[in-house]
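See structure below.
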Amino acid sequence: MNAFDLNGKTILVTGASSGLGRQTAITASSYGARLVITGRNKEKLEETYAQLKGEGHVMIPADLTVQADIDMLAASVPVLNGIVHSTGISDLSPARFIAAETIEKTFSISYNAPVLLTAGLLAKKKAAKGDCSIVFISSISTRYPFVGGAMYISAKAALEAYARVLALELAPKGIRVNCVAPAFVRTPMLDDTAANYSQEAVNMIEARQILGLGDPEDVANSIVYYLSPASKWVSATSLILGGG
Ligand SMILES: NC(=O)c1ccc[n+]([C@@H]2O[C@H](COP(=O)([O-])OP(=O)(O)OC[C@H]3O[C@@H](n4cnc5c(N)ncnc54)[C@H](OP(=O)(O)O)[C@@H]3O)[C@@H](O)[C@H]2O)c1
């Protein structure tokens, strides 16, 4: 048996309309998984859907900063063998410009959304006992911070702390919880960061990655490892994908 095989598994991917979420859904489908994909932008979700291999996939548009949408999603999905939380926004806010709205904007999507969706799914018993793996996308910046990243990095650090507690709580139910912490990867988020904030900052961080920028496949392949039986003895970890 191939330990990375995902045949027979149903996997929910958030943020599947773009970047790492989209690639994770596509790669997981190529390993045999049935996907439930979600994001706000229906056209972009349809683009992802069209690239999924196999059959039986489902698309559920939702804004995960809205509790009613979280409730609707948690109620609509079937029992899941994998949950990948890939929503997020880039944010550069120098410390002296941080206001309550800055905190709310970043945390609502990067922290509250995965935490509240997880609570909703667990309350509705949508994580298969004995056969479910939950993966959060953190960031290498929790270890190697960048100037202006206080809110983004705080949200990711909080998410990693939450994930370790979740791993403890869910281990008795045979549900595993892990994070991946990538460095800069070529996705629309990186383009946004360069365009809206600072190409110079992106160049500086890129120069620190000795293997250069990552591709979405590099992250998706690691997530498939966490979703698959190959990692059945692995929980409460955070895998640095740092480009060296
Ligand atoms: N790219 C990198 O270099 C990098 C490095 C480290 C960590 N990460 C993390 O990896 C994750 C994915 O990033 P990415 O590069 O793939 O970014 P991306 O291409 O911008 O994708 C972000 C995704 O989040 C979804 N999203 C945003 N707001 C949402 C909302 N209110 N409700 C539901 N979905 C929402 C977007 O979907 P809609 O627009 O359709 O809503 C989109 O699918 C993020 O958590 C990011 O922090 C990325």
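Chain labels follow the order of the structure tokens: the first chain is A, the next B, and so on; residue numbering restarts at 1 in every chain, and ligands are counted from 1 in their shown order.
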Which neighbours of A:Ser93 fall inside 10 Å, counting only C-alpha atoms, when residues of the same chain fewer than 6 positions from it are skipped, and could you give them as a PyMOL selection string? chain A and resi 99+102-103+147-152+197
Would you mind listing the residues within 6 Å of ligand 1, counting only C-alpha atoms and all ligand atoms, as a PDB file with N, CA and C atoms, in the first residue's frame?
```
ATOM      1  N   GLY A  15      -9.816  28.445   1.849  1.00  0.00           N
ATOM      2  CA  GLY A  15      -8.888  29.244   1.036  1.00  0.00           C
ATOM      3  C   GLY A  15      -8.535  28.531  -0.253  1.00  0.00           C
ATOM      4  N   ALA A  16      -9.467  27.708  -0.742  1.00  0.00           N
ATOM      5  CA  ALA A  16      -9.182  26.851  -1.910  1.00  0.00           C
ATOM      6  C   ALA A  16      -9.356  27.599  -3.232  1.00  0.00           C
ATOM      7  N   SER A  17      -9.747  28.867  -3.155  1.00  0.00           N
ATOM      8  CA  SER A  17      -9.934  29.639  -4.396  1.00  0.00           C
ATOM      9  C   SER A  17      -8.621  30.223  -4.900  1.00  0.00           C
ATOM     10  N   SER A  18      -7.527  30.034  -4.150  1.00  0.00           N
ATOM     11  CA  SER A  18      -6.264  30.688  -4.540  1.00  0.00           C
ATOM     12  C   SER A  18      -5.066  30.009  -3.889  1.00  0.00           C
ATOM     13  N   GLY A  19      -3.917  30.243  -4.473  1.00  0.00           N
ATOM     14  CA  GLY A  19      -2.620  29.956  -3.850  1.00  0.00           C
ATOM     15  C   GLY A  19      -2.446  28.568  -3.253  1.00  0.00           C
ATOM     16  N   LEU A  20      -2.062  28.539  -1.982  1.00  0.00           N
ATOM     17  CA  LEU A  20      -1.705  27.269  -1.331  1.00  0.00           C
ATOM     18  C   LEU A  20      -2.922  26.370  -1.137  1.00  0.00           C
ATOM     19  N   GLY A  21      -4.073  26.961  -0.829  1.00  0.00           N
ATOM     20  CA  GLY A  21      -5.294  26.167  -0.663  1.00  0.00           C
ATOM     21  C   GLY A  21      -5.686  25.509  -1.975  1.00  0.00           C
ATOM     22  N   GLY A  39     -14.197  29.034  -0.223  1.00  0.00           N
ATOM     23  CA  GLY A  39     -13.563  30.345  -0.356  1.00  0.00           C
ATOM     24  C   GLY A  39     -14.699  31.317  -0.641  1.00  0.00           C
ATOM     25  N   ARG A  40     -14.409  32.608  -0.743  1.00  0.00           N
ATOM     26  CA  ARG A  40     -15.521  33.546  -1.028  1.00  0.00           C
ATOM     27  C   ARG A  40     -15.792  33.677  -2.514  1.00  0.00           C
ATOM     28  N   ASN A  41     -14.728  33.709  -3.317  1.00  0.00           N
ATOM     29  CA  ASN A  41     -14.850  34.048  -4.736  1.00  0.00           C
ATOM     30  C   ASN A  41     -15.297  32.822  -5.562  1.00  0.00           C
ATOM     31  N   ALA A  62     -18.142  30.457   0.989  1.00  0.00           N
ATOM     32  CA  ALA A  62     -18.436  30.965   2.337  1.00  0.00           C
ATOM     33  C   ALA A  62     -17.431  32.050   2.700  1.00  0.00           C
ATOM     34  N   ASP A  63     -17.915  33.042   3.446  1.00  0.00           N
ATOM     35  CA  ASP A  63     -17.020  34.057   4.023  1.00  0.00           C
ATOM     36  C   ASP A  63     -16.769  33.650   5.470  1.00  0.00           C
ATOM     37  N   LEU A  64     -15.554  33.254   5.772  1.00  0.00           N
ATOM     38  CA  LEU A  64     -15.274  32.678   7.094  1.00  0.00           C
ATOM     39  C   LEU A  64     -15.053  33.731   8.179  1.00  0.00           C
ATOM     40  N   THR A  65     -15.319  35.001   7.848  1.00  0.00           N
ATOM     41  CA  THR A  65     -15.373  36.007   8.921  1.00  0.00           C
ATOM     42  C   THR A  65     -16.825  36.204   9.376  1.00  0.00           C
ATOM     43  N   SER A  86      -6.484  27.110   5.082  1.00  0.00           N
ATOM     44  CA  SER A  86      -5.518  27.905   4.310  1.00  0.00           C
ATOM     45  C   SER A  86      -5.959  29.356   4.108  1.00  0.00           C
ATOM     46  N   THR A  87      -7.000  29.799   4.815  1.00  0.00           N
ATOM     47  CA  THR A  87      -7.395  31.211   4.663  1.00  0.00           C
ATOM     48  C   THR A  87      -6.330  32.101   5.282  1.00  0.00           C
ATOM     49  N   GLY A  88      -6.230  33.304   4.776  1.00  0.00           N
ATOM     50  CA  GLY A  88      -5.290  34.247   5.366  1.00  0.00           C
ATOM     51  C   GLY A  88      -5.212  35.500   4.525  1.00  0.00           C
ATOM     52  N   ILE A  89      -4.737  36.571   5.136  1.00  0.00           N
ATOM     53  CA  ILE A  89      -4.474  37.800   4.364  1.00  0.00           C
ATOM     54  C   ILE A  89      -3.087  38.301   4.752  1.00  0.00           C
ATOM     55  N   ILE A 109      -9.625  36.721  10.116  1.00  0.00           N
ATOM     56  CA  ILE A 109      -9.487  35.706   9.066  1.00  0.00           C
ATOM     57  C   ILE A 109      -8.344  34.722   9.349  1.00  0.00           C
ATOM     58  N   ILE A 137      -2.116  26.360   8.307  1.00  0.00           N
ATOM     59  CA  ILE A 137      -0.957  26.984   7.653  1.00  0.00           C
ATOM     60  C   ILE A 137      -0.520  28.192   8.480  1.00  0.00           C
ATOM     61  N   SER A 138       0.631  28.020   9.129  1.00  0.00           N
ATOM     62  CA  SER A 138       1.243  29.106   9.889  1.00  0.00           C
ATOM     63  C   SER A 138       2.241  29.817   8.979  1.00  0.00           C
ATOM     64  N   SER A 139       3.343  30.268   9.512  1.00  0.00           N
ATOM     65  CA  SER A 139       4.358  30.948   8.694  1.00  0.00           C
ATOM     66  C   SER A 139       5.707  30.866   9.391  1.00  0.00           C
ATOM     67  N   PRO A 182       5.437  27.805   6.199  1.00  0.00           N
ATOM     68  CA  PRO A 182       6.248  28.107   5.012  1.00  0.00           C
ATOM     69  C   PRO A 182       6.925  29.469   5.070  1.00  0.00           C
ATOM     70  N   ALA A 183       8.029  29.557   4.342  1.00  0.00           N
ATOM     71  CA  ALA A 183       8.633  30.857   4.036  1.00  0.00           C
ATOM     72  C   ALA A 183       7.909  31.401   2.792  1.00  0.00           C
ATOM     73  N   PHE A 184       8.510  32.330   2.076  1.00  0.00           N
ATOM     74  CA  PHE A 184       7.812  32.935   0.933  1.00  0.00           C
ATOM     75  C   PHE A 184       7.608  31.948  -0.210  1.00  0.00           C
ATOM     76  N   VAL A 185       6.360  31.879  -0.660  1.00  0.00           N
ATOM     77  CA  VAL A 185       5.961  30.984  -1.744  1.00  0.00           C
ATOM     78  C   VAL A 185       5.299  31.835  -2.828  1.00  0.00           C
ATOM     79  N   ARG A 186       5.517  31.459  -4.093  1.00  0.00           N
ATOM     80  CA  ARG A 186       4.919  32.228  -5.199  1.00  0.00           C
ATOM     81  C   ARG A 186       3.410  32.021  -5.248  1.00  0.00           C
ATOM     82  N   THR A 187       2.644  32.939  -4.652  1.00  0.00           N
ATOM     83  CA  THR A 187       1.171  32.892  -4.709  1.00  0.00           C
ATOM     84  C   THR A 187       0.679  34.329  -4.873  1.00  0.00           C
ATOM     85  N   PRO A 188      -0.631  34.520  -5.137  1.00  0.00           N
ATOM     86  CA  PRO A 188      -1.163  35.889  -5.211  1.00  0.00           C
ATOM     87  C   PRO A 188      -0.892  36.705  -3.953  1.00  0.00           C
ATOM     88  N   MET A 189      -0.792  36.038  -2.784  1.00  0.00           N
ATOM     89  CA  MET A 189      -0.515  36.779  -1.553  1.00  0.00           C
ATOM     90  C   MET A 189       0.854  37.453  -1.619  1.00  0.00           C
ATOM     91  N   LEU A 190       1.819  36.746  -2.182  1.00  0.00           N
ATOM     92  CA  LEU A 190       3.165  37.315  -2.297  1.00  0.00           C
ATOM     93  C   LEU A 190       3.145  38.497  -3.273  1.00  0.00           C
TER      94      LEU A 190
END
```
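Among the residues of stretch 45-143 of chain A, backbone DSSP assigns strand (DSSP E) to Val58, Met59, Gly82, Ile83, Val84, His85, Cys132, Ser133, Ile134, Val135, Phe136 and Ile137 of chain A.
Distance check against A:Ala50 using only C-alpha atoms: of A:Pro229, A:Cys132, A:Ile223, A:Leu35, the minimum falls on A:Leu35.
Among the candidate residues A:Ala163, A:Ala95, A:Leu6, A:Leu116, the one lying nearest to A:Phe146 is A:Ala95, with distances computed using only C-alpha atoms.
Between atom CA of A:Tyr226 and atom CA of A:Leu241 there is a distance of 13.4 Å.
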Considering only C-alpha atoms, return as an MDAnalysis selection string whatever protein or nucleic-acid residues lie within 7 Å of A:Lys53, sequence-local ones (same chain, fewer than 3 positions apart) excluded. chainID A and resid 26 29:30
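Taking atom CA of A:Asn178 and atom CA of A:Leu239 as the two end points, the separation is 8.0 Å.
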List every residue of stretch 6-159 of chain A that DSSP, applied to the backbone of this structure, places in helix (DSSP H, G or I), and write the result as a VMD selection string. chain A and resid 19 to 30 42 to 51 67 to 76 95 to 97 100 to 123 140 to 142 150 to 159
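Omitting A:Ala158 and its sequence neighbours fewer than 2 positions away, and counting only C-alpha atoms, the residues within 10 Å are Phe107, Ser110, Tyr111, Ser138, Thr142, Ile153, Ser154, Ala155, Lys156, Glu160, Ala161, Tyr162 and Ala163 of chain A.
Counting only C-alpha atoms, the residue from A:Thr237, A:Ser231, A:Leu73, A:Phe4 that sits nearest to A:Thr38 is A:Leu73.
When only C-alpha atoms are used to measure the gap to A:Glu55, the shortest distance among A:Ala119, A:Ala33, A:Val224, A:Ala195 belongs to A:Ala33.
The gap separating atom CA of A:Ile83 from atom CA of A:Lys125 is 13.0 Å, in Å to one decimal.
Using only C-alpha atoms, the nearest neighbour of A:Lys105 within the list A:Ser90, A:Leu227, A:Ile60, A:Arg164 is A:Ser90.
Look at A:Lys129: the protein and nucleic acid residues within 8 Å of it, using only C-alpha atoms and passing over chain neighbours fewer than 5 places away, are A:Lys173, A:Gly174, A:Ile175.
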Could the residues in this selection be written to a file with N, CA and C atoms, as a CSV table (one decimal), in the first residue's frame?
```
chain,number,residue,atom,x,y,z
A,173,LYS,N,-9.2,10.9,20.6
A,173,LYS,CA,-10.2,10.6,19.6
A,173,LYS,C,-9.5,10.1,18.3
A,174,GLY,N,-8.2,10.0,18.3
A,174,GLY,CA,-7.5,9.5,17.1
A,174,GLY,C,-7.5,10.6,16.0
A,175,ILE,N,-7.6,11.9,16.4
A,175,ILE,CA,-7.5,13.0,15.4
A,175,ILE,C,-6.2,13.7,15.6
```
If you count only C-alpha atoms, the residue of A:Ser141, A:Asp71, A:Gly244, A:Tyr31 closest to A:Ala123 turns out to be A:Asp71
Could you list, as a list in words, every residue within 10 Å of A:Ala127, counting only C-alpha atoms and ignoring same-chain residues fewer than 5 positions away? Ile11, Pro78, Val79, Leu80, Asn81, Gly82, Ile83, Thr118, Leu121, Leu122, Cys132, Ser133, Ile134, Leu170, Lys173, Gly174 and Ile175 of chain A
Please produce an output containing C-alpha atoms for each residue in the selection, written as an mmCIF file, in the first residue's frame.
```
data_model
loop_
_atom_site.group_PDB
_atom_site.id
_atom_site.type_symbol
_atom_site.label_atom_id
_atom_site.label_comp_id
_atom_site.auth_asym_id
_atom_site.auth_seq_id
_atom_site.Cartn_x
_atom_site.Cartn_y
_atom_site.Cartn_z
ATOM 1 C CA ILE A 11 -10.918 16.479 2.832
ATOM 2 C CA PRO A 78 -19.888 15.348 5.285
ATOM 3 C CA VAL A 79 -17.786 13.610 7.953
ATOM 4 C CA LEU A 80 -14.171 14.553 7.171
ATOM 5 C CA ASN A 81 -10.856 12.662 7.208
ATOM 6 C CA GLY A 82 -8.854 15.825 6.640
ATOM 7 C CA ILE A 83 -9.260 19.554 7.258
ATOM 8 C CA THR A 118 -12.836 23.883 13.897
ATOM 9 C CA LEU A 121 -16.961 21.034 12.832
ATOM 10 C CA LEU A 122 -16.138 19.308 16.134
ATOM 11 C CA CYS A 132 -8.865 12.602 10.719
ATOM 12 C CA SER A 133 -5.925 14.957 10.273
ATOM 13 C CA ILE A 134 -6.211 18.713 10.764
ATOM 14 C CA LEU A 170 -8.128 15.404 20.083
ATOM 15 C CA LYS A 173 -10.207 10.550 19.581
ATOM 16 C CA GLY A 174 -7.520 9.542 17.076
ATOM 17 C CA ILE A 175 -7.538 12.954 15.418
#
```
